[in-house]
file start-v4.cif (mmCIF, C-alpha atoms)
data_final
#
loop_
_atom_site.label_atom_id
_atom_site.label_comp_id
_atom_site.auth_asym_id
_atom_site.auth_seq_id
_atom_site.Cartn_x
_atom_site.Cartn_y
_atom_site.Cartn_z
CA MET A 1 9.44 -17.35 -18.17
CA THR A 2 12.96 -18.62 -18.94
CA ALA A 3 15.34 -18.24 -21.83
CA GLY A 4 18.60 -20.05 -22.40
CA PHE A 5 21.61 -18.89 -24.43
CA ARG A 6 23.95 -21.12 -26.40
CA ALA A 7 27.48 -20.37 -25.29
CA GLU A 8 29.58 -19.44 -28.35
CA PRO A 9 33.35 -19.92 -28.32
CA VAL A 10 34.95 -16.71 -27.13
CA HIS A 11 37.57 -16.77 -29.91
CA SER A 12 34.80 -16.63 -32.54
CA PHE A 13 33.62 -13.25 -31.25
CA PRO A 14 36.60 -11.54 -29.59
CA ASP A 15 34.48 -8.45 -28.83
CA ARG A 16 31.77 -10.43 -27.03
CA ILE A 17 31.41 -11.99 -23.58
CA GLY A 18 31.29 -15.74 -23.40
CA LEU A 19 28.19 -16.96 -21.53
CA VAL A 20 28.63 -19.76 -19.02
CA ASP A 21 26.29 -22.66 -19.74
CA PRO A 22 24.06 -22.33 -16.55
CA PHE A 23 23.32 -18.69 -17.49
CA ARG A 24 19.57 -18.00 -17.75
CA ILE A 25 17.29 -14.98 -17.94
CA LEU A 26 14.22 -15.29 -15.71
CA ALA A 27 11.43 -12.80 -16.35
CA PRO A 28 8.43 -12.92 -13.98
CA THR A 29 5.73 -10.63 -15.33
CA HIS A 30 2.05 -9.86 -15.06
CA ILE A 31 0.19 -9.41 -18.34
CA ASP A 32 -3.24 -7.86 -18.23
CA PRO A 33 -5.38 -9.67 -20.83
CA GLN A 34 -7.07 -6.37 -21.71
CA ALA A 35 -3.83 -4.39 -22.07
CA SER A 36 -1.16 -4.34 -24.76
CA LEU A 37 1.91 -6.49 -24.23
CA PRO A 38 4.73 -4.75 -22.33
CA PHE A 39 7.33 -5.97 -24.85
CA SER A 40 7.59 -6.69 -28.56
CA PRO A 41 6.45 -9.97 -30.17
CA ALA A 42 10.06 -10.55 -31.32
CA LEU A 43 11.38 -10.44 -27.76
CA ARG A 44 8.48 -12.51 -26.45
CA SER A 45 9.12 -15.24 -29.04
CA ARG A 46 12.63 -15.76 -27.69
CA PHE A 47 11.34 -16.72 -24.25
CA THR A 48 9.84 -20.03 -23.22
CA GLU A 49 6.53 -19.03 -21.66
CA ILE A 50 5.41 -20.76 -18.48
CA TRP A 51 1.92 -19.73 -17.37
CA ILE A 52 1.16 -19.88 -13.66
CA PRO A 53 -2.58 -20.13 -12.86
CA ASN A 54 -4.22 -18.20 -10.07
CA TYR A 55 -4.82 -19.74 -6.66
CA SER A 56 -7.96 -21.84 -6.42
CA ASN A 57 -10.61 -20.89 -3.85
CA GLU A 58 -9.56 -23.88 -1.73
CA GLU A 59 -5.95 -22.68 -1.72
CA LEU A 60 -6.99 -19.15 -0.78
CA ASP A 61 -9.08 -20.53 2.11
CA LEU A 62 -6.03 -22.48 3.28
CA LEU A 63 -3.84 -19.36 3.08
CA VAL A 64 -6.37 -17.40 5.14
CA ARG A 65 -6.42 -20.06 7.86
CA GLN A 66 -2.64 -20.36 7.95
CA GLU A 67 -1.88 -16.64 8.01
CA LEU A 68 -4.48 -15.73 10.62
CA SER A 69 -3.17 -18.45 12.92
CA ILE A 70 0.32 -16.91 12.92
CA GLU A 71 1.22 -14.74 15.95
CA SER A 72 -2.24 -15.43 17.42
CA VAL A 73 -3.88 -12.85 15.16
CA ALA A 74 -7.17 -14.68 15.69
CA ASP A 75 -8.48 -17.60 17.69
CA ALA A 76 -9.95 -20.72 16.07
CA ALA A 77 -13.53 -19.39 15.92
CA ASP A 78 -12.37 -16.08 14.42
CA VAL A 79 -10.30 -17.90 11.81
CA MET A 80 -13.32 -19.96 10.73
CA ALA A 81 -15.49 -16.84 10.56
CA ALA A 82 -12.88 -14.91 8.56
CA THR A 83 -12.39 -17.80 6.11
CA ALA A 84 -16.14 -18.05 5.43
CA PHE A 85 -16.60 -14.27 5.21
CA LEU A 86 -13.68 -13.71 2.81
CA ARG A 87 -14.84 -16.61 0.64
CA GLN A 88 -18.25 -14.93 0.39
CA VAL A 89 -16.62 -11.58 -0.46
CA ARG A 90 -14.52 -13.19 -3.20
CA GLN A 91 -17.51 -14.97 -4.73
CA ILE A 92 -19.52 -11.75 -4.91
CA LEU A 93 -16.68 -9.67 -6.36
CA GLU A 94 -15.64 -12.19 -9.02
CA PRO A 95 -15.17 -12.06 -11.94
CA GLN A 96 -15.30 -8.25 -12.35
CA PHE A 97 -13.18 -7.47 -9.26
CA PRO A 98 -11.23 -10.62 -8.31
CA LEU A 99 -9.16 -10.58 -5.12
CA SER A 100 -5.58 -11.73 -5.56
CA SER A 101 -3.24 -13.38 -3.08
CA ARG A 102 -1.50 -9.98 -2.84
CA ASP A 103 -4.78 -8.38 -1.73
CA LEU A 104 -5.17 -11.01 0.99
CA ALA A 105 -1.53 -10.60 2.06
CA ASN A 106 -2.13 -6.87 2.56
CA LEU A 107 -5.20 -7.70 4.64
CA TRP A 108 -3.26 -10.11 6.88
CA HIS A 109 -0.52 -7.53 7.40
CA PHE A 110 -3.14 -4.89 8.16
CA LEU A 111 -4.87 -7.10 10.76
CA ARG A 112 -1.62 -7.79 12.61
CA LYS A 113 -0.52 -4.15 12.75
CA PHE A 114 -3.96 -2.64 13.29
CA ARG A 115 -4.94 -4.91 16.18
CA ARG A 116 -1.57 -4.37 17.84
CA ALA A 117 -1.95 -0.58 17.53
CA THR A 118 -5.61 -0.22 18.53
CA LYS A 119 -6.47 -3.36 20.57
CA ALA A 120 -9.65 -3.51 18.45
CA PRO A 121 -11.73 -6.74 18.39
CA PHE A 122 -10.94 -9.11 15.55
CA GLY A 123 -14.38 -8.75 13.95
CA ALA A 124 -14.21 -4.95 13.78
CA SER A 125 -10.63 -5.07 12.44
CA LEU A 126 -11.57 -7.51 9.70
CA ILE A 127 -14.63 -5.49 8.65
CA LEU A 128 -12.60 -2.26 8.49
CA GLY A 129 -9.89 -3.98 6.48
CA VAL A 130 -12.38 -5.33 3.94
CA ARG A 131 -14.08 -1.95 3.67
CA PHE A 132 -11.03 0.24 3.15
CA LEU A 133 -8.79 -2.24 1.30
CA PHE A 134 -11.35 -3.96 -0.94
CA LEU A 135 -14.71 -2.20 -1.15
CA ASP A 136 -13.34 1.35 -1.43
CA ARG A 137 -12.15 0.55 -4.95
CA LEU A 138 -15.73 0.00 -6.12
CA ASP A 139 -18.20 2.63 -7.27
CA ALA A 140 -21.06 3.48 -4.90
CA SER A 141 -23.71 1.30 -6.57
CA THR A 142 -21.46 -1.77 -6.77
CA ARG A 143 -20.35 -1.30 -3.18
CA SER A 144 -23.98 -1.12 -2.01
CA PHE A 145 -24.79 -4.27 -3.98
CA VAL A 146 -21.89 -6.19 -2.37
CA ILE A 147 -22.87 -5.09 1.13
CA SER A 148 -26.52 -6.01 0.57
CA ARG A 149 -25.49 -9.48 -0.66
CA LEU A 150 -23.34 -9.99 2.45
CA ASN A 151 -26.25 -8.86 4.62
CA GLU A 152 -29.10 -10.81 3.01
CA PRO A 153 -31.60 -11.55 5.83
CA ASP A 154 -32.66 -14.96 4.47
CA ALA A 155 -29.11 -16.29 4.42
CA ARG A 156 -27.79 -14.97 7.73
CA GLU A 157 -28.49 -18.10 9.74
CA SER A 158 -26.53 -20.26 7.30
CA LYS A 159 -23.47 -18.02 7.29
CA ALA A 160 -20.72 -19.32 9.53
CA TYR A 161 -19.35 -15.83 10.14
CA TRP A 162 -22.55 -14.00 11.06
CA SER A 163 -22.57 -14.54 14.84
CA ILE A 164 -18.99 -13.26 15.20
CA LEU A 165 -19.01 -10.40 12.68
CA SER A 166 -22.60 -9.12 13.06
CA PRO A 167 -21.79 -6.70 15.95
CA SER A 168 -19.34 -4.88 13.65
CA PHE A 169 -21.12 -5.34 10.33
CA GLU A 170 -22.41 -1.76 10.17
CA LEU A 171 -18.78 -0.57 9.81
CA LEU A 172 -18.98 -1.72 6.18
CA HIS A 173 -21.34 1.16 5.34
CA LEU A 174 -21.12 3.52 8.33
CA MET A 175 -20.93 7.21 7.43
CA PRO A 176 -19.83 10.10 9.67
CA THR A 177 -22.55 12.00 11.52
CA PRO A 178 -22.87 15.81 11.23
CA GLU A 179 -21.22 16.18 14.65
CA GLN A 180 -18.30 13.95 13.62
CA ILE A 181 -17.91 15.96 10.43
CA LEU A 182 -17.66 19.25 12.32
CA ARG A 183 -15.34 17.79 14.96
CA PRO A 184 -13.40 14.79 13.60
CA PHE A 185 -11.14 14.40 16.65
CA SER A 186 -11.50 14.59 20.41
CA VAL A 187 -9.48 14.12 23.57
CA ALA A 188 -11.53 12.28 26.18
CA ALA A 189 -11.00 9.70 28.91
CA GLY A 190 -7.25 9.98 28.58
CA ALA A 191 -7.20 9.18 24.86
CA PHE A 192 -6.97 11.02 21.55
CA LYS A 193 -9.29 9.47 19.00
CA LEU A 194 -10.96 9.79 15.62
CA ASN A 195 -14.63 10.24 16.49
CA PHE A 196 -15.78 8.57 13.28
CA LEU A 197 -15.11 4.83 13.84
CA ASP A 198 -14.15 5.66 17.46
CA LEU A 199 -10.49 4.89 16.71
CA PRO A 200 -7.81 5.52 19.37
CA LEU A 201 -4.74 7.21 17.90
CA ASP A 202 -2.25 6.69 20.73
CA ALA A 203 0.01 4.67 18.41
CA LEU A 204 0.34 7.65 16.03
CA VAL A 205 0.43 10.61 18.41
CA PRO A 206 2.40 10.81 21.68
CA CYS A 207 0.29 11.78 24.68
CA SER A 208 2.50 14.84 25.27
CA SER A 209 0.93 16.38 22.13
CA TRP A 210 -2.72 15.83 23.02
CA ASP A 211 -3.25 19.20 24.69
CA ARG A 212 -2.69 21.10 21.45
CA LEU A 213 -4.44 18.64 19.13
CA SER A 214 -8.05 19.63 19.76
CA GLU A 215 -7.18 23.28 19.15
CA ILE A 216 -5.40 22.53 15.87
CA ALA A 217 -8.12 20.12 14.73
CA SER A 218 -10.77 22.80 15.27
CA THR A 219 -9.15 25.27 12.86
CA GLY A 220 -10.80 26.10 9.56
CA ASP A 221 -8.23 24.29 7.38
CA LEU A 222 -10.43 21.23 6.90
CA GLN A 223 -13.61 21.44 4.82
CA PRO A 224 -16.47 19.95 6.91
CA THR A 225 -17.71 17.30 4.47
CA PRO A 226 -18.25 13.53 4.70
CA THR A 227 -15.57 13.02 2.02
CA ALA A 228 -13.01 14.93 4.12
CA VAL A 229 -13.69 12.74 7.17
CA LEU A 230 -13.58 9.56 5.08
CA ASN A 231 -10.25 10.67 3.61
CA ILE A 232 -8.92 11.18 7.14
CA ALA A 233 -10.10 7.70 8.08
CA ARG A 234 -8.40 6.22 5.01
CA VAL A 235 -5.05 7.80 5.87
CA ILE A 236 -5.28 6.80 9.54
CA ILE A 237 -6.37 3.23 8.73
CA SER A 238 -3.37 2.93 6.39
CA CYS A 239 -0.94 4.21 9.01
CA LEU A 240 -2.30 2.05 11.83
CA GLY A 241 -2.26 -0.97 9.50
CA GLY A 242 1.32 -0.45 8.35
CA LEU A 243 0.37 0.13 4.70
CA HIS A 244 1.72 2.51 2.05
CA PRO A 245 -1.39 3.76 0.25
CA LEU A 246 -1.89 4.79 -3.36
CA PHE A 247 -4.86 7.18 -3.20
CA GLU A 248 -6.78 7.21 -6.48
CA GLY A 249 -9.50 9.72 -7.29
CA ALA A 250 -10.49 12.73 -9.36
CA PRO A 251 -8.73 16.09 -8.81
CA GLY A 252 -10.01 18.28 -5.97
CA LEU A 253 -11.10 15.48 -3.58
CA GLY A 254 -8.45 16.35 -0.99
CA LYS A 255 -6.06 13.43 -1.45
CA THR A 256 -2.88 15.47 -1.06
CA PHE A 257 -4.39 17.94 1.39
CA THR A 258 -5.51 15.22 3.81
CA VAL A 259 -1.99 13.82 4.18
CA SER A 260 -0.54 17.32 4.67
CA TYR A 261 -3.23 18.22 7.20
CA LEU A 262 -2.70 15.08 9.28
CA SER A 263 1.09 15.39 9.26
CA LYS A 264 0.71 18.89 10.69
CA LEU A 265 -1.91 17.76 13.18
CA PHE A 266 0.14 14.81 14.43
CA GLY A 267 3.45 16.68 14.39
CA ILE A 268 5.00 14.22 11.92
CA PRO A 269 7.45 15.85 9.45
CA LEU A 270 6.40 15.51 5.82
CA LEU A 271 8.41 15.45 2.60
CA ARG A 272 6.31 16.29 -0.44
CA ILE A 273 7.71 15.50 -3.88
CA ASN A 274 6.16 16.43 -7.22
CA LEU A 275 7.57 14.06 -9.80
CA SER A 276 7.98 14.90 -13.46
CA GLY A 277 9.64 13.42 -16.50
CA ASP A 278 12.78 15.36 -15.56
CA THR A 279 13.08 13.97 -12.02
CA THR A 280 16.26 11.94 -11.56
CA LYS A 281 17.01 9.17 -9.09
CA GLU A 282 20.05 11.20 -7.97
CA GLN A 283 17.74 13.97 -6.77
CA LEU A 284 15.71 11.50 -4.73
CA PHE A 285 18.24 8.92 -3.55
CA GLY A 286 21.64 10.63 -3.59
CA ARG A 287 24.72 11.36 -5.66
CA PHE A 288 28.47 11.96 -5.44
CA GLU A 289 29.47 15.62 -5.64
CA PRO A 290 32.97 17.00 -6.18
CA ARG A 291 34.68 18.71 -3.24
CA ILE A 292 37.97 20.54 -2.86
CA GLN A 293 39.92 19.62 0.26
CA GLY A 294 43.16 21.55 0.39
CA SER A 295 44.92 20.88 -2.88
CA PHE A 296 43.00 17.69 -3.55
CA ARG A 297 39.77 17.12 -5.39
CA THR A 298 37.54 14.45 -3.90
CA PHE A 299 33.97 13.23 -4.24
CA GLU A 300 31.54 13.25 -1.34
CA TRP A 301 28.25 11.39 -1.09
CA VAL A 302 25.18 13.63 -0.65
CA ASP A 303 21.82 12.09 0.28
CA GLY A 304 18.82 12.78 -1.91
CA SER A 305 15.51 14.08 -0.57
CA VAL A 306 14.01 10.60 -0.09
CA SER A 307 17.15 9.16 1.52
CA SER A 308 17.26 12.04 4.01
CA ALA A 309 13.55 11.66 4.79
CA LEU A 310 13.99 7.93 5.47
CA LYS A 311 16.72 8.58 8.03
CA LEU A 312 14.50 11.13 9.81
CA GLY A 313 11.38 8.94 9.85
CA LYS A 314 9.29 11.38 7.81
CA TRP A 315 6.07 10.75 5.97
CA ILE A 316 6.79 10.88 2.22
CA LEU A 317 4.11 12.21 -0.14
CA ILE A 318 4.86 11.43 -3.79
CA ASP A 319 2.67 13.37 -6.22
CA GLU A 320 2.38 12.57 -9.94
CA ILE A 321 4.02 9.17 -9.57
CA ASN A 322 2.57 8.10 -12.92
CA VAL A 323 4.91 10.47 -14.82
CA ALA A 324 8.13 9.34 -13.12
CA PRO A 325 10.94 8.12 -15.43
CA PRO A 326 11.64 4.35 -15.44
CA GLU A 327 14.87 4.65 -13.41
CA VAL A 328 13.01 6.55 -10.66
CA MET A 329 10.19 3.98 -10.66
CA GLU A 330 12.80 1.22 -10.31
CA GLU A 331 14.19 2.76 -7.12
CA LEU A 332 10.72 3.47 -5.69
CA THR A 333 9.70 -0.13 -6.43
CA LEU A 334 12.76 -1.39 -4.55
CA LEU A 335 11.94 0.87 -1.59
CA LEU A 336 8.31 -0.28 -1.44
CA SER A 337 9.29 -3.94 -1.80
CA GLN A 338 11.71 -3.62 1.12
CA CYS A 339 8.90 -2.14 3.25
CA ALA A 340 6.43 -4.86 2.25
CA PRO A 341 4.97 -7.21 4.88
CA GLY A 342 7.57 -9.63 6.18
CA LYS A 343 10.52 -7.67 4.79
CA SER A 344 13.41 -6.22 6.78
CA ARG A 345 12.57 -2.53 6.13
CA THR A 346 16.17 -1.91 5.07
CA PHE A 347 16.76 0.09 1.90
CA PRO A 348 20.06 -0.36 0.01
CA VAL A 349 21.33 2.86 -1.57
CA ARG A 350 23.13 1.10 -4.38
CA ARG A 351 25.46 3.86 -5.58
CA SER A 352 26.80 4.66 -2.11
CA GLN A 353 26.72 0.99 -1.02
CA GLU A 354 24.96 2.08 2.17
CA THR A 355 21.95 0.47 3.81
CA THR A 356 19.31 2.67 5.41
CA GLN A 357 16.97 1.32 8.06
CA VAL A 358 13.44 2.51 7.27
CA PRO A 359 11.81 3.62 10.56
CA ALA A 360 8.37 2.30 11.46
CA SER A 361 7.08 5.89 11.40
CA THR A 362 7.87 6.29 7.70
CA VAL A 363 4.84 5.96 5.42
CA LEU A 364 4.84 6.51 1.66
CA PHE A 365 1.70 8.11 0.23
CA SER A 366 0.98 8.58 -3.45
CA PRO A 367 -2.12 10.52 -4.59
CA LEU A 368 -2.98 9.57 -8.17
CA THR A 369 -5.47 10.93 -10.66
CA PRO A 370 -6.47 7.85 -12.69
CA HIS A 371 -6.25 7.69 -16.44
CA PRO A 372 -7.96 9.02 -18.55
CA ILE A 373 -8.88 11.95 -16.28
CA ASP A 374 -5.30 13.25 -16.24
CA GLY A 375 -4.61 12.39 -19.87
CA ARG A 376 -1.53 10.26 -19.03
#

call {"tool": "encode", "arguments": {"input": "start-v4.cif", "output": "structure tokens"}}
result
Amino acid sequence: MTAGFRAEPVHSFPDRIGLVDPFRILAPTHIDPQASLPFSPALRSRFTEIWIPNYSNEELDLLVRQELSIESVADAADVMAATAFLRQVRQILEPQFPLSSRDLANLWHFLRKFRRATKAPFGASLILGVRFLFLDRLDASTRSFVISRLNEPDARESKAYWSILSPSFELLHLMPTPEQILRPFSVAAGAFKLNFLDLPLDALVPCSSWDRLSEIASTGDLQPTPTAVLNIARVIISCLGGLHPLFEGAPGLGKTFTVSYLSKLFGIPLLRINLSGDTTKEQLFGRFEPRIQGSFRTFEWVDGSVSSALKLGKWILIDEINVAPPEVMEELTLLLSQCAPGKSRTFPVRRSQETTQVPASTVLFSPLTPHPIDGR
């Protein structure tokens, strides 16, 4: 959307700022057709609206082929299989759960990071990405329907992706066994791994820590349930794939606990923040405080809790993010955008005019109880 202003002579309004003719306001926005407008009709009428349609299926196929060919993420046969498979997934999910270009961008980023960290085959990596990034958002019955459609026996031979992805297809619906529930982790054959999905965790945990891991993982802190193991897998998949997850679910499912448990297990320091309507961006990102030096009064910059955690490479757990004030959300949005795929991972602290390099070890987690369960 764009809006132009007519520049008035400055002498006509001595208390106003004269606007240079090229001045424009550009306002990219996403409007959910089922939600109320985020601004008033009066403000909206003063903009010239330019609607940008979604990508066509042909364009999305082209994006898949282009992105998976970068950095040799996949060879030619894998790219063809992934293009056909993701097209099938999109067709089944639409129109109730359409996949956006942002969803696919997260998948590409995940595949690059995950394969580099685990050396997993392309087919298994793609299946895990689709499961935890796309299908996890569905309810159990819808998820089962999608998987059954992808696995229809009569259509297998005609599917271009089946021969490459079939060895890993069970990962779409695999559940932890009773043994894997009681003992989620193990140290064997010189590797520390998550028994469910058989995932090596060398990229997350230094080998010098392996000796103590089995002992810690066997303590009674973790409730031995399939949901607990799946939550562990979700956190680990996010970390190995370089993602910053927003965990959505009803209270009591272990969203916050799982992150805290794994940070302790892996020896990664954790900052936990409970946001409220009274939280200020100064508390999180820093402020100037007065100091007395001799006979002079000066101001010294003091980092906030998030700024300090970034410099130390901590995991950051942000609870109740849906009640944060707008100015806090603005800073968190900037931080997440700077850590997005393809970005520099540098965070500008605007008030101090400093730039903080966000370490690769830093992951932002946000457990969220969806509306209307929490009433907000």

call {"tool": "closest_residue", "arguments": {"input": "start-v4.cif", "among": "A:Ser163, A:Thr48, A:Thr280, A:Ser144", "to": "A:Ala82", "atoms": "only C-alpha atoms"}}
result
A:Ser163

call {"tool": "axis_aligned_box", "arguments": {"input": "start-v4.cif", "around": "stretch 259-271 of chain A", "padding_each_side": "8 Å", "output": "JSON"}}
result
{"center_x": 2.6, "center_y": 16.4, "center_z": 8.5, "size_x": 27.6, "size_y": 21.1, "size_z": 27.8}

call {"tool": "resolve_selection", "arguments": {"input": "start-v4.cif", "expression": "the PyMOL selection byres ((chain A and resi 223) around 12)", "output": "NGL selection string"}}
result
:A and (181-184 or 217-222 or 224-232 or 252-254 or 257-258 or 261)

call {"tool": "atom_distance", "arguments": {"input": "start-v4.cif", "atom1": "atom CA of A:Ser366", "atom2": "atom CA of A:Glu320"}}
result
7.7 Å

call {"tool": "atom_distance", "arguments": {"input": "start-v4.cif", "atom1": "atom CA of A:Met329", "atom2": "atom CA of A:Ala27"}}
result
17.8 Å

call {"tool": "closest_residue", "arguments": {"input": "start-v4.cif", "among": "A:Val64, A:Leu93, A:Leu335, A:Ala120", "to": "A:Trp108", "atoms": "all atoms listed in the file"}}
result
A:Val64

call {"tool": "atom_distance", "arguments": {"input": "start-v4.cif", "atom1": "atom CA of A:Gln283", "atom2": "atom CA of A:Leu336"}}
result
17.9 Å

call {"tool": "residues_around", "arguments": {"input": "start-v4.cif", "residues": "stretch 301-311 of chain A", "least_positions_apart": "4", "cutoff": "12 Å", "atoms": "all atoms listed in the file", "output": "ChimeraX atom specification"}}
result
/A:268-274,279-291,315-318,328,331-332,335,339,345-364

call {"tool": "resolve_selection", "arguments": {"input": "start-v4.cif", "expression": "the PyMOL selection byres ((chain A and resi 113) around 12)", "output": "NGL selection string"}}
result
:A and (71 or 73 or 106-112 or 114-120 or 122 or 125-126 or 129 or 203 or 237-243 or 341-342 or 360)

call {"tool": "residues_near_point", "arguments": {"input": "start-v4.cif", "point": "(-9.3, 7.8, 18.6)", "cutoff": "10 Å", "atoms": "all atoms listed in the file", "output": "ChimeraX atom specification"}}
result
/A:118,184-188,191-204,236

call {"tool": "closest_residue", "arguments": {"input": "start-v4.cif", "among": "A:Asn54, A:Gln180, A:Asn151, A:Thr83", "to": "A:Leu99", "atoms": "all atoms listed in the file"}}
result
A:Asn54

call {"tool": "residues_around", "arguments": {"input": "start-v4.cif", "residues": "A:Arg234", "least_positions_apart": "6", "cutoff": "10 Å", "atoms": "all atoms listed in the file", "output": "JSON, numbers by chain"}}
result
{"A": [132, 133, 136, 228, 245, 247, 255, 258, 259]}

call {"tool": "resolve_selection", "arguments": {"input": "start-v4.cif", "expression": "the PyMOL selection byres ((chain A and resi 63) around 12)", "output": "ChimeraX atom specification"}}
result
/A:55-62,64-70,79,82-83,86-87,100-102,104-105,107-108

call {"tool": "closest_residue", "arguments": {"input": "start-v4.cif", "among": "A:Glu248, A:Asp278, A:Glu49, A:Glu179", "to": "A:Leu138", "atoms": "all atoms listed in the file"}}
result
A:Glu248

call {"tool": "closest_residue", "arguments": {"input": "start-v4.cif", "among": "A:Ser276, A:Ser295, A:Thr369, A:Ser45", "to": "A:Pro325", "atoms": "all atoms listed in the file"}}
result
A:Ser276

call {"tool": "closest_residue", "arguments": {"input": "start-v4.cif", "among": "A:Ala324, A:Leu165, A:Ile92, A:Leu312", "to": "A:Met80", "atoms": "all atoms listed in the file"}}
result
A:Leu165
